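Listing of coords-v4.txt; format and content: compact mmCIF, C-alpha atoms and all ligand atoms.
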```
# COMPACT_ATOMS: atom_id res chain seq x y z
CA MET A 1 22.58 -15.99 -1.71
CA THR A 2 20.37 -13.93 0.64
CA LEU A 3 17.14 -15.18 2.17
CA LEU A 4 15.18 -12.95 -0.19
CA HIS A 5 17.00 -14.24 -3.24
CA GLU A 6 16.29 -17.81 -2.11
CA ARG A 7 12.61 -16.92 -1.61
CA ARG A 8 12.43 -15.34 -5.07
CA LYS A 9 13.91 -18.50 -6.57
CA GLU A 10 11.46 -20.67 -4.63
CA LYS A 11 8.59 -18.46 -5.75
CA THR A 12 9.65 -18.64 -9.38
CA LEU A 13 9.77 -22.42 -9.11
CA SER A 14 6.31 -22.56 -7.52
CA VAL A 15 4.95 -20.32 -10.29
CA VAL A 16 6.47 -22.67 -12.86
CA ARG A 17 4.87 -25.60 -11.02
CA ASN A 18 1.63 -23.59 -10.81
CA GLU A 19 1.52 -23.86 -7.00
CA ASN A 20 0.30 -20.88 -4.98
CA TRP A 21 0.14 -19.02 -8.24
CA VAL A 22 0.42 -15.27 -7.89
CA LYS A 23 0.87 -12.67 -10.56
CA PRO A 24 3.02 -9.67 -9.74
CA ILE A 25 1.76 -6.36 -11.08
CA TYR A 26 4.97 -4.62 -9.95
CA GLU A 27 8.38 -6.26 -9.90
CA THR A 28 11.44 -4.55 -8.49
CA ASN A 29 14.91 -5.91 -9.12
CA GLY A 30 18.09 -4.56 -7.60
CA LEU A 31 16.43 -1.22 -6.84
CA ASN A 32 18.79 1.30 -5.25
CA LEU A 33 17.99 4.93 -4.52
CA TRP A 34 20.15 7.70 -3.10
CA TYR A 35 19.13 11.16 -1.87
CA GLY A 36 22.44 12.90 -2.53
CA THR A 37 24.90 10.55 -0.85
CA SER A 38 22.33 9.02 1.49
CA HIS A 39 21.51 5.46 0.44
CA ALA A 40 17.73 5.24 1.08
CA LEU A 41 16.83 2.02 -0.79
CA LYS A 42 19.29 -0.86 -0.94
CA ASN A 43 18.99 -3.59 -3.53
CA ILE A 44 15.22 -3.99 -3.17
CA GLU A 45 13.75 -7.18 -4.66
CA LEU A 46 10.05 -6.94 -3.94
CA ASP A 47 6.97 -7.78 -5.97
CA ILE A 48 3.49 -6.37 -5.48
CA ASN A 49 0.98 -9.05 -6.43
CA GLU A 50 -2.12 -8.31 -8.42
CA ARG A 51 -5.35 -7.99 -6.42
CA GLU A 52 -3.63 -8.43 -3.10
CA VAL A 53 -3.03 -5.99 -0.29
CA THR A 54 0.69 -5.63 0.43
CA ALA A 55 1.60 -3.95 3.71
CA ILE A 56 4.96 -2.22 4.02
CA ILE A 57 6.09 -1.95 7.60
CA GLY A 58 9.24 -0.83 9.38
CA PRO A 59 10.57 1.86 11.71
CA SER A 60 10.64 5.54 10.84
CA GLY A 61 13.12 6.51 8.13
CA CYS A 62 13.65 2.97 6.80
CA GLY A 63 12.54 3.85 3.25
CA LYS A 64 8.89 2.75 3.17
CA SER A 65 7.51 5.97 1.66
CA THR A 66 10.45 6.28 -0.70
CA PHE A 67 9.74 2.78 -2.01
CA LEU A 68 6.01 3.47 -2.38
CA LYS A 69 6.61 6.75 -4.18
CA THR A 70 9.10 5.07 -6.50
CA LEU A 71 6.22 2.93 -7.74
CA ASN A 72 4.54 5.95 -9.30
CA ARG A 73 7.78 7.83 -10.03
CA MET A 74 7.29 10.53 -7.43
CA VAL A 75 10.86 10.58 -6.15
CA GLU A 76 12.87 9.64 -9.16
CA THR A 77 12.46 13.00 -10.86
CA ALA A 78 13.41 15.06 -7.77
CA THR A 79 16.76 16.85 -7.82
CA ASP A 80 19.69 15.08 -6.23
CA VAL A 81 18.06 11.64 -6.48
CA THR A 82 19.99 8.80 -8.09
CA ILE A 83 18.27 5.56 -8.88
CA SER A 84 19.40 2.24 -10.32
CA GLY A 85 17.87 -1.17 -10.92
CA ASN A 86 14.52 -2.05 -12.40
CA VAL A 87 10.91 -1.41 -11.51
CA THR A 88 8.39 -2.92 -13.88
CA PHE A 89 4.64 -2.35 -13.99
CA LYS A 90 2.85 -5.18 -15.82
CA GLY A 91 6.17 -6.19 -17.31
CA ASN A 92 7.15 -2.74 -18.57
CA ASN A 93 10.01 -0.79 -17.09
CA ILE A 94 8.78 2.47 -15.56
CA LEU A 95 12.05 4.15 -14.59
CA GLY A 96 13.95 6.78 -16.56
CA ASN A 97 11.03 7.87 -18.74
CA ALA A 98 10.57 4.36 -20.10
CA MET A 99 6.88 4.89 -19.29
CA PRO A 100 5.47 8.43 -19.31
CA VAL A 101 4.34 9.55 -15.86
CA GLU A 102 0.84 10.44 -17.14
CA ILE A 103 0.30 6.92 -18.48
CA LEU A 104 1.53 5.32 -15.28
CA ARG A 105 -0.55 7.58 -13.03
CA SER A 106 -3.69 6.92 -15.06
CA LYS A 107 -3.38 3.34 -13.78
CA VAL A 108 -1.90 3.98 -10.34
CA GLY A 109 -3.60 6.21 -7.77
CA MET A 110 -2.04 7.48 -4.56
CA VAL A 111 -3.51 8.31 -1.16
CA PHE A 112 -1.44 10.22 1.38
CA GLN A 113 -1.29 10.43 5.15
CA LYS A 114 -3.13 13.76 5.18
CA PRO A 115 -6.31 13.85 3.12
CA ASN A 116 -5.75 16.25 0.22
CA PRO A 117 -9.07 17.00 -1.49
CA PHE A 118 -9.03 19.69 -4.15
CA PRO A 119 -10.59 23.06 -3.16
CA LYS A 120 -13.68 22.12 -5.15
CA SER A 121 -17.05 20.51 -4.55
CA ILE A 122 -17.36 16.84 -3.63
CA TYR A 123 -18.69 16.16 -7.14
CA GLU A 124 -15.88 18.04 -8.87
CA ASN A 125 -13.24 16.22 -6.82
CA ILE A 126 -14.44 12.92 -8.26
CA ALA A 127 -15.22 14.15 -11.78
CA PHE A 128 -11.81 15.81 -12.17
CA GLY A 129 -9.83 12.69 -13.15
CA PRO A 130 -12.39 11.31 -15.62
CA ARG A 131 -12.62 14.77 -17.23
CA VAL A 132 -8.83 14.88 -17.61
CA HIS A 133 -9.17 11.52 -19.37
CA GLY A 134 -11.63 13.04 -21.83
CA ILE A 135 -15.01 12.11 -20.37
CA ARG A 136 -17.37 15.06 -20.92
CA ASN A 137 -20.84 13.48 -20.95
CA LYS A 138 -22.73 14.63 -17.84
CA ALA A 139 -24.72 11.43 -17.40
CA THR A 140 -21.50 9.39 -17.57
CA LEU A 141 -19.78 11.68 -15.08
CA ASP A 142 -22.81 11.51 -12.76
CA MET A 143 -22.64 7.73 -12.90
CA ILE A 144 -18.87 7.64 -12.20
CA VAL A 145 -19.29 10.03 -9.26
CA GLU A 146 -22.09 7.93 -7.76
CA GLU A 147 -20.31 4.60 -8.28
CA SER A 148 -17.00 5.87 -6.89
CA LEU A 149 -18.69 7.31 -3.82
CA LYS A 150 -20.64 4.11 -3.29
CA LYS A 151 -17.49 1.96 -3.56
CA SER A 152 -15.80 4.17 -0.99
CA ALA A 153 -18.83 3.92 1.31
CA LEU A 154 -19.38 7.67 1.25
CA TRP A 155 -22.44 8.00 -0.99
CA ASP A 156 -25.08 7.89 1.74
CA GLU A 157 -23.23 10.51 3.75
CA VAL A 158 -22.77 12.99 0.89
CA LYS A 159 -25.45 12.36 -1.74
CA ASP A 160 -27.42 15.45 -0.63
CA ARG A 161 -24.41 17.77 -0.63
CA LEU A 162 -22.49 16.78 -3.75
CA HIS A 163 -22.03 20.37 -4.84
CA LYS A 164 -20.80 21.60 -1.48
CA SER A 165 -17.11 22.07 -0.75
CA ALA A 166 -15.09 18.95 0.02
CA TYR A 167 -13.48 20.95 2.82
CA GLY A 168 -16.76 20.70 4.74
CA LEU A 169 -16.21 16.95 5.21
CA SER A 170 -14.60 15.40 8.30
CA GLY A 171 -11.00 14.14 8.03
CA GLY A 172 -12.18 10.53 7.68
CA GLN A 173 -14.74 11.48 5.03
CA GLN A 174 -12.09 13.50 3.17
CA GLN A 175 -9.81 10.45 3.13
CA ARG A 176 -12.62 8.28 1.74
CA LEU A 177 -13.25 11.02 -0.83
CA CYS A 178 -9.57 10.84 -1.85
CA ILE A 179 -9.93 7.08 -2.28
CA ALA A 180 -13.14 7.64 -4.30
CA ARG A 181 -11.19 10.14 -6.43
CA CYS A 182 -8.64 7.41 -7.17
CA LEU A 183 -11.38 4.87 -7.94
CA ALA A 184 -13.00 7.27 -10.42
CA ILE A 185 -10.17 6.72 -12.89
CA ASP A 186 -10.60 2.95 -12.59
CA PRO A 187 -7.02 2.37 -11.43
CA GLU A 188 -5.25 -0.95 -11.34
CA VAL A 189 -3.26 -0.05 -8.24
CA ILE A 190 -3.75 2.29 -5.30
CA LEU A 191 -0.68 3.22 -3.26
CA MET A 192 -1.54 4.29 0.28
CA ASP A 193 0.98 6.05 2.49
CA GLU A 194 -0.22 5.77 6.11
CA PRO A 195 -3.79 6.62 5.04
CA THR A 196 -5.28 6.28 8.52
CA SER A 197 -2.55 7.68 10.75
CA ALA A 198 -4.36 11.03 11.06
CA LEU A 199 -7.78 9.45 11.65
CA ASP A 200 -9.81 8.38 14.68
CA PRO A 201 -10.55 4.65 15.25
CA VAL A 202 -14.03 4.78 13.70
CA SER A 203 -12.76 6.44 10.50
CA THR A 204 -9.80 4.04 10.47
CA HIS A 205 -12.20 1.10 10.66
CA LYS A 206 -14.22 2.50 7.73
CA ILE A 207 -11.08 2.85 5.59
CA GLU A 208 -10.02 -0.70 6.48
CA GLU A 209 -13.47 -2.00 5.49
CA LEU A 210 -13.21 -0.04 2.28
CA ILE A 211 -9.82 -1.58 1.50
CA HIS A 212 -11.34 -5.00 2.11
CA ASP A 213 -14.26 -4.21 -0.21
CA ILE A 214 -12.20 -2.93 -3.14
CA LYS A 215 -9.31 -5.37 -3.02
CA ASN A 216 -10.91 -7.78 -5.47
CA ASP A 217 -10.85 -5.04 -8.10
CA VAL A 218 -7.67 -3.14 -7.34
CA THR A 219 -4.19 -3.96 -6.10
CA ILE A 220 -3.21 -2.10 -2.95
CA ALA A 221 0.19 -1.35 -1.43
CA ILE A 222 -0.07 0.33 1.95
CA VAL A 223 2.58 1.79 4.24
CA THR A 224 1.51 1.53 7.86
CA HIS A 225 3.04 1.93 11.30
CA ASN A 226 0.11 0.07 12.77
CA MET A 227 1.00 -3.61 13.16
CA GLN A 228 -2.58 -4.65 13.94
CA GLN A 229 -3.72 -2.88 10.81
CA ALA A 230 -1.12 -4.66 8.67
CA ALA A 231 -2.18 -7.98 10.20
CA ARG A 232 -5.89 -7.23 9.69
CA ILE A 233 -5.94 -5.99 6.13
CA SER A 234 -2.98 -7.33 4.18
CA ASP A 235 -2.29 -10.55 2.30
CA ARG A 236 1.48 -10.03 2.19
CA THR A 237 3.78 -7.97 4.37
CA ALA A 238 7.25 -6.61 3.65
CA PHE A 239 9.43 -5.56 6.56
CA PHE A 240 11.87 -2.75 5.74
CA LEU A 241 14.85 -1.76 7.88
CA ASN A 242 17.56 0.79 7.05
CA GLY A 243 16.58 0.83 3.38
CA GLU A 244 16.54 -2.95 2.97
CA VAL A 245 13.75 -5.49 2.77
CA ILE A 246 14.59 -7.82 5.63
CA GLU A 247 11.73 -10.21 4.97
CA GLU A 248 8.55 -10.44 2.92
CA ASP A 249 5.96 -13.18 2.99
CA ARG A 250 2.33 -14.01 3.57
CA THR A 251 1.12 -11.74 6.37
CA THR A 252 0.16 -14.69 8.56
CA THR A 253 3.71 -16.04 8.23
CA ILE A 254 5.35 -12.69 8.97
CA PHE A 255 3.23 -12.23 12.10
CA ASN A 256 3.24 -15.81 13.36
CA THR A 257 6.46 -17.44 12.22
CA PRO A 258 8.85 -14.84 10.79
CA SER A 259 12.14 -16.21 9.52
CA ASP A 260 14.29 -13.32 10.64
CA LYS A 261 14.84 -12.36 14.27
CA LEU A 262 14.80 -8.68 13.32
CA THR A 263 11.26 -9.09 11.94
CA ASP A 264 10.20 -10.91 15.09
CA ASP A 265 11.70 -8.19 17.30
CA TYR A 266 10.05 -5.40 15.29
CA ILE A 267 6.55 -6.83 15.15
CA ASN A 268 6.71 -7.64 18.84
CA GLY A 269 7.65 -4.08 19.69
CA ARG A 270 11.21 -4.77 20.83
CA PHE A 271 12.47 -1.85 18.72
CA GLY A 272 11.22 0.87 16.38
N1 LIG B 1 13.47 14.40 -0.15
C1 LIG B 1 14.41 13.85 0.60
N2 LIG B 1 15.68 14.33 0.61
C2 LIG B 1 16.65 13.76 1.35
N3 LIG B 1 16.46 12.68 2.14
C3 LIG B 1 15.22 12.16 2.17
C4 LIG B 1 14.13 12.71 1.42
N4 LIG B 1 13.03 11.96 1.67
C5 LIG B 1 13.39 10.99 2.53
N5 LIG B 1 14.71 11.12 2.83
C6 LIG B 1 15.47 10.25 3.73
O1 LIG B 1 15.40 8.93 3.22
C7 LIG B 1 15.24 7.99 4.28
C8 LIG B 1 13.96 7.19 4.07
O2 LIG B 1 12.85 8.08 4.21
P1 LIG B 1 11.36 7.60 4.03
O3 LIG B 1 10.48 8.80 4.17
O4 LIG B 1 11.26 6.82 2.80
O5 LIG B 1 11.19 6.65 5.30
P2 LIG B 1 9.89 6.04 5.96
O6 LIG B 1 10.22 4.65 6.33
O7 LIG B 1 8.72 6.24 5.08
O8 LIG B 1 9.74 6.94 7.26
P3 LIG B 1 8.44 7.36 8.11
O9 LIG B 1 7.85 6.10 8.63
O10 LIG B 1 9.00 8.23 9.19
O11 LIG B 1 7.53 8.11 7.18
C9 LIG B 1 15.25 8.78 5.57
O12 LIG B 1 16.57 8.80 6.08
C10 LIG B 1 14.85 10.18 5.12
O13 LIG B 1 15.40 11.17 5.96
```
Would you mind writing the structure in this file as C-alpha cells?
Amino acid sequence: MTLLHERRKEKTLSVVRNENWVKPIYETNGLNLWYGTSHALKNIELDINEREVTAIIGPSGCGKSTFLKTLNRMVETATDVTISGNVTFKGNNILGNAMPVEILRSKVGMVFQKPNPFPKSIYENIAFGPRVHGIRNKATLDMIVEESLKKSALWDEVKDRLHKSAYGLSGGQQQRLCIARCLAIDPEVILMDEPTSALDPVSTHKIEELIHDIKNDVTIAIVTHNMQQAARISDRTAFFLNGEVIEEDRTTTIFNTPSDKLTDDYINGRFG
C-alpha cells in the first residue's frame, strides 16, 4: 500500500470519527491520462476539499496543468487522449460525458496564466456569463457586474470606465477581471493555472489577497511554480512529479515536515 493510499485510509477513518472533518468537492480515484503513448497522469488519488485552497506544485512537465484541466474536462475531449479512472464532482462522475460540459462549467470557472478577457467592454466581460445563463434584466446584470468587480477588488479602479474596452486594463487588472468574470456565474470552484506568473509583485499580491477574500465562498485549486505563494495562500498542497502525486497534505505539513524526501528536496530548491 502506497503512502497516499495509507493517507486516504487514515482520512476516511478520521471523517468517520468526525475528526478534522473535510468535505471533498472533487474526488479522483485511479486517474490515468495518456497523450498518445505518453503517460501524463499516473494513478492519481487526490481530493479537492470544499472551501479550501489547494495548491498543486511540481517541476515543469509533471502533469499539474493536465490534472487541473481534467477537472473541467478540458483535456479529455482532445484527440489522442486516453483517460481512465474516476473523477467525481460533488459525488457525480464527470468523465466520459457522464456530466455535460456546460453543466460542469457553469459551476467551475477557470483562470489561465495569461489573462484572456473577451474583446468587449469591462461590463460586457462580466455580464456575458450571466446572460448565457438566461439573465436579461438590466438591473440584475448591473448588480452582478458591480458585486463581481467588488469581490475581485477591481470596482474602484474601473467603475468610471465600465463601457470601455477590457483591453485598456493593465495585465494585473485584466487577470482580476477574469476572476470577476468567473465570480459572476457564482461558481462553486475556480481552477487557476499559474494565474500570477505573468504579473508583477504588486498585481500578484492583489490576486493573492483576492484569493484569500473569496475562499470562504468558493473552492480554489491553483497550479503555481511559486513555493512562497503556495505556502502563503493554500490550505493543502499536492506535490506532483513525473505524472504522480508524491505527497499531499496540509500546506504547513508539506512545507515544514514533508514525509517524502523528494518533496523536501523540491520545496527546498534541490531540483526542479
Ligand atoms: N496537448 C498535449 N499533447 C501531448 N503532450 C502533452 C500535451 N499537453 C501536455 N503534454 C505533455 O504532458 C506532460 C504534462 O504536461 P503539463 O502541461 O500537464 O505539465 P505541467 O506540470 O503543467 O508543466 P508546466 O509547469 O511546464 O506548465 C508533459 O510531458 C507535456 O509535454
Protein and nucleic acid residues within 10 Å of ligand LIG 1 (chain B) (only C-alpha atoms and all ligand atoms) as a PyMOL selection string: chain A and resi 33-41+56-70+75+78-81+113+193-194+223-225+240-243+272
Best match for closeness to Pro195 of chain A among A:Val111, A:Ile267, A:Ala98, A:Val22, counting only C-alpha atoms: A:Val111
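The space separating atom CA of Ile179 of chain A from atom CA of Asp235 of chain A comes to 19.8 Å.
Atom pair atom CA of Phe118 of chain A / atom CA of His212 of chain A: separated by 25.6 Å.
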Point-to-point distance from atom CA of Val189 of chain A to atom CA of Ser106 of chain A, Å rounded to tenths: 9.8 Å
Neighbours of point (-0.4, 14.1, 10.9) within 9 Å, using only C-alpha atoms, written as a ChimeraX atom specification: /A:113-114,197-199
Residues from last step as file, C-alpha atoms, as a PDB file, keeping the file's coordinate frame:
```pdb
ATOM      1  CA  GLN A 113      -1.290  10.430   5.150  1.00  0.00           C
ATOM      2  CA  LYS A 114      -3.130  13.760   5.180  1.00  0.00           C
ATOM      3  CA  SER A 197      -2.550   7.680  10.750  1.00  0.00           C
ATOM      4  CA  ALA A 198      -4.360  11.030  11.060  1.00  0.00           C
ATOM      5  CA  LEU A 199      -7.780   9.450  11.650  1.00  0.00           C
TER       6      LEU A 199
END
```
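Counting only C-alpha atoms, the residue from A:Lys164, A:Arg176, A:Arg250, A:Arg270 that sits nearest to Arg236 of chain A is A:Arg250.
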Minimum-distance residue to Gly129 of chain A, chosen among A:Ile190, A:Ile185, A:Val245, A:Val87 (using only C-alpha atoms): A:Ile185
Polymer residues at most 12 Å from Ile207 of chain A, all atoms listed in the file, same-chain spacing of 3 or more positions, as a VMD selection string: chain A and resid 111 151 to 154 171 to 180 192 194 to 204 210 to 214 222 229 233
Can I get the selection written as a PDB file, keeping the file's coordinate frame, with C-alpha atoms?
```
ATOM      1  CA  VAL A 111      -3.510   8.310  -1.160  1.00  0.00           C
ATOM      2  CA  LYS A 151     -17.490   1.960  -3.560  1.00  0.00           C
ATOM      3  CA  SER A 152     -15.800   4.170  -0.990  1.00  0.00           C
ATOM      4  CA  ALA A 153     -18.830   3.920   1.310  1.00  0.00           C
ATOM      5  CA  LEU A 154     -19.380   7.670   1.250  1.00  0.00           C
ATOM      6  CA  GLY A 171     -11.000  14.140   8.030  1.00  0.00           C
ATOM      7  CA  GLY A 172     -12.180  10.530   7.680  1.00  0.00           C
ATOM      8  CA  GLN A 173     -14.740  11.480   5.030  1.00  0.00           C
ATOM      9  CA  GLN A 174     -12.090  13.500   3.170  1.00  0.00           C
ATOM     10  CA  GLN A 175      -9.810  10.450   3.130  1.00  0.00           C
ATOM     11  CA  ARG A 176     -12.620   8.280   1.740  1.00  0.00           C
ATOM     12  CA  LEU A 177     -13.250  11.020  -0.830  1.00  0.00           C
ATOM     13  CA  CYS A 178      -9.570  10.840  -1.850  1.00  0.00           C
ATOM     14  CA  ILE A 179      -9.930   7.080  -2.280  1.00  0.00           C
ATOM     15  CA  ALA A 180     -13.140   7.640  -4.300  1.00  0.00           C
ATOM     16  CA  MET A 192      -1.540   4.290   0.280  1.00  0.00           C
ATOM     17  CA  GLU A 194      -0.220   5.770   6.110  1.00  0.00           C
ATOM     18  CA  PRO A 195      -3.790   6.620   5.040  1.00  0.00           C
ATOM     19  CA  THR A 196      -5.280   6.280   8.520  1.00  0.00           C
ATOM     20  CA  SER A 197      -2.550   7.680  10.750  1.00  0.00           C
ATOM     21  CA  ALA A 198      -4.360  11.030  11.060  1.00  0.00           C
ATOM     22  CA  LEU A 199      -7.780   9.450  11.650  1.00  0.00           C
ATOM     23  CA  ASP A 200      -9.810   8.380  14.680  1.00  0.00           C
ATOM     24  CA  PRO A 201     -10.550   4.650  15.250  1.00  0.00           C
ATOM     25  CA  VAL A 202     -14.030   4.780  13.700  1.00  0.00           C
ATOM     26  CA  SER A 203     -12.760   6.440  10.500  1.00  0.00           C
ATOM     27  CA  THR A 204      -9.800   4.040  10.470  1.00  0.00           C
ATOM     28  CA  LEU A 210     -13.210  -0.040   2.280  1.00  0.00           C
ATOM     29  CA  ILE A 211      -9.820  -1.580   1.500  1.00  0.00           C
ATOM     30  CA  HIS A 212     -11.340  -5.000   2.110  1.00  0.00           C
ATOM     31  CA  ASP A 213     -14.260  -4.210  -0.210  1.00  0.00           C
ATOM     32  CA  ILE A 214     -12.200  -2.930  -3.140  1.00  0.00           C
ATOM     33  CA  ILE A 222      -0.070   0.330   1.950  1.00  0.00           C
ATOM     34  CA  GLN A 229      -3.720  -2.880  10.810  1.00  0.00           C
ATOM     35  CA  ILE A 233      -5.940  -5.990   6.130  1.00  0.00           C
TER      36      ILE A 233
END
```
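By chain and then residue number, the residues within 7 Å of segment 259-264 of chain A are Phe239, Glu247, Ile267 and Asn268 of chain A, counting only C-alpha atoms and disregarding those fewer than 3 positions away in sequence.
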Top pick for closest residue to Tyr167 of chain A, considering A:Glu147, A:Ile126, A:Gly134, A:Ser121 and counting only C-alpha atoms: A:Ser121
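Environment of (9.9, -8.3, -7.8): residues at most 7 Å away, judged by all atoms listed in the file, are Tyr26, Glu27, Thr28, Asn29, Glu45, Leu46 and Asp47 of chain A.
If only C-alpha atoms are the atoms counted, then among A:Ile25, A:Val145, A:Ile254, A:Ala55 the closest residue to Val108 of chain A is A:Ile25.
Non-sequential neighbours of Arg161 of chain A (distance at most 9 Å, separation of 4 or more positions within a chain, all atoms listed in the file) are Ser121, Ile122, Tyr123, Glu157 and Ser165 of chain A.
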Using C-alpha atoms, can you export the residues from the last selection as a PDB file, keeping the file's coordinate frame?
```
ATOM      1  CA  SER A 121     -17.050  20.510  -4.550  1.00  0.00           C
ATOM      2  CA  ILE A 122     -17.360  16.840  -3.630  1.00  0.00           C
ATOM      3  CA  TYR A 123     -18.690  16.160  -7.140  1.00  0.00           C
ATOM      4  CA  GLU A 157     -23.230  10.510   3.750  1.00  0.00           C
ATOM      5  CA  SER A 165     -17.110  22.070  -0.750  1.00  0.00           C
TER       6      SER A 165
END
```
Would you fill out segment 151-171 of chain A with N, CA and C atoms and return it as a PDB file, in the frame of the given file?
```
ATOM      1  N   LYS A 151     -18.590   2.915  -3.846  1.00  0.00           N
ATOM      2  CA  LYS A 151     -17.490   1.960  -3.560  1.00  0.00           C
ATOM      3  C   LYS A 151     -16.700   2.405  -2.345  1.00  0.00           C
ATOM      4  N   SER A 152     -16.591   3.703  -2.148  1.00  0.00           N
ATOM      5  CA  SER A 152     -15.800   4.170  -0.990  1.00  0.00           C
ATOM      6  C   SER A 152     -16.691   4.427   0.213  1.00  0.00           C
ATOM      7  N   ALA A 153     -17.905   3.881   0.176  1.00  0.00           N
ATOM      8  CA  ALA A 153     -18.830   3.920   1.310  1.00  0.00           C
ATOM      9  C   ALA A 153     -19.107   5.340   1.802  1.00  0.00           C
ATOM     10  N   LEU A 154     -19.166   6.269   0.870  1.00  0.00           N
ATOM     11  CA  LEU A 154     -19.380   7.670   1.250  1.00  0.00           C
ATOM     12  C   LEU A 154     -20.692   8.210   0.694  1.00  0.00           C
ATOM     13  N   TRP A 155     -21.271   7.497  -0.254  1.00  0.00           N
ATOM     14  CA  TRP A 155     -22.440   8.000  -0.990  1.00  0.00           C
ATOM     15  C   TRP A 155     -23.565   8.445  -0.052  1.00  0.00           C
ATOM     16  N   ASP A 156     -23.947   7.560   0.875  1.00  0.00           N
ATOM     17  CA  ASP A 156     -25.080   7.890   1.740  1.00  0.00           C
ATOM     18  C   ASP A 156     -24.816   9.144   2.567  1.00  0.00           C
ATOM     19  N   GLU A 157     -23.557   9.354   2.905  1.00  0.00           N
ATOM     20  CA  GLU A 157     -23.230  10.510   3.750  1.00  0.00           C
ATOM     21  C   GLU A 157     -23.182  11.817   2.956  1.00  0.00           C
ATOM     22  N   VAL A 158     -22.983  11.739   1.637  1.00  0.00           N
ATOM     23  CA  VAL A 158     -22.770  12.990   0.890  1.00  0.00           C
ATOM     24  C   VAL A 158     -23.735  13.208  -0.280  1.00  0.00           C
ATOM     25  N   LYS A 159     -24.637  12.265  -0.511  1.00  0.00           N
ATOM     26  CA  LYS A 159     -25.450  12.360  -1.740  1.00  0.00           C
ATOM     27  C   LYS A 159     -26.309  13.631  -1.802  1.00  0.00           C
ATOM     28  N   ASP A 160     -26.606  14.225  -0.621  1.00  0.00           N
ATOM     29  CA  ASP A 160     -27.420  15.450  -0.630  1.00  0.00           C
ATOM     30  C   ASP A 160     -26.576  16.718  -0.614  1.00  0.00           C
ATOM     31  N   ARG A 161     -25.262  16.567  -0.666  1.00  0.00           N
ATOM     32  CA  ARG A 161     -24.410  17.770  -0.630  1.00  0.00           C
ATOM     33  C   ARG A 161     -23.258  17.676  -1.634  1.00  0.00           C
ATOM     34  N   LEU A 162     -23.549  17.032  -2.764  1.00  0.00           N
ATOM     35  CA  LEU A 162     -22.490  16.780  -3.750  1.00  0.00           C
ATOM     36  C   LEU A 162     -21.839  18.054  -4.262  1.00  0.00           C
ATOM     37  N   HIS A 163     -22.592  19.149  -4.260  1.00  0.00           N
ATOM     38  CA  HIS A 163     -22.030  20.370  -4.840  1.00  0.00           C
ATOM     39  C   HIS A 163     -21.518  21.338  -3.778  1.00  0.00           C
ATOM     40  N   LYS A 164     -21.409  20.817  -2.548  1.00  0.00           N
ATOM     41  CA  LYS A 164     -20.800  21.600  -1.480  1.00  0.00           C
ATOM     42  C   LYS A 164     -19.294  21.311  -1.431  1.00  0.00           C
ATOM     43  N   SER A 165     -18.562  22.214  -0.792  1.00  0.00           N
ATOM     44  CA  SER A 165     -17.110  22.070  -0.750  1.00  0.00           C
ATOM     45  C   SER A 165     -16.661  20.785  -0.050  1.00  0.00           C
ATOM     46  N   ALA A 166     -15.658  20.152  -0.606  1.00  0.00           N
ATOM     47  CA  ALA A 166     -15.090  18.950   0.020  1.00  0.00           C
ATOM     48  C   ALA A 166     -14.450  19.288   1.364  1.00  0.00           C
ATOM     49  N   TYR A 167     -14.095  20.546   1.544  1.00  0.00           N
ATOM     50  CA  TYR A 167     -13.480  20.950   2.820  1.00  0.00           C
ATOM     51  C   TYR A 167     -14.463  20.890   3.985  1.00  0.00           C
ATOM     52  N   GLY A 168     -15.762  20.795   3.667  1.00  0.00           N
ATOM     53  CA  GLY A 168     -16.760  20.700   4.740  1.00  0.00           C
ATOM     54  C   GLY A 168     -16.871  19.285   5.310  1.00  0.00           C
ATOM     55  N   LEU A 169     -16.168  18.332   4.721  1.00  0.00           N
ATOM     56  CA  LEU A 169     -16.210  16.950   5.210  1.00  0.00           C
ATOM     57  C   LEU A 169     -15.257  16.756   6.376  1.00  0.00           C
ATOM     58  N   SER A 170     -15.533  15.730   7.204  1.00  0.00           N
ATOM     59  CA  SER A 170     -14.600  15.400   8.300  1.00  0.00           C
ATOM     60  C   SER A 170     -13.316  14.817   7.690  1.00  0.00           C
ATOM     61  N   GLY A 171     -12.276  14.686   8.517  1.00  0.00           N
ATOM     62  CA  GLY A 171     -11.000  14.140   8.030  1.00  0.00           C
ATOM     63  C   GLY A 171     -11.179  12.737   7.438  1.00  0.00           C
TER      64      GLY A 171
END
```
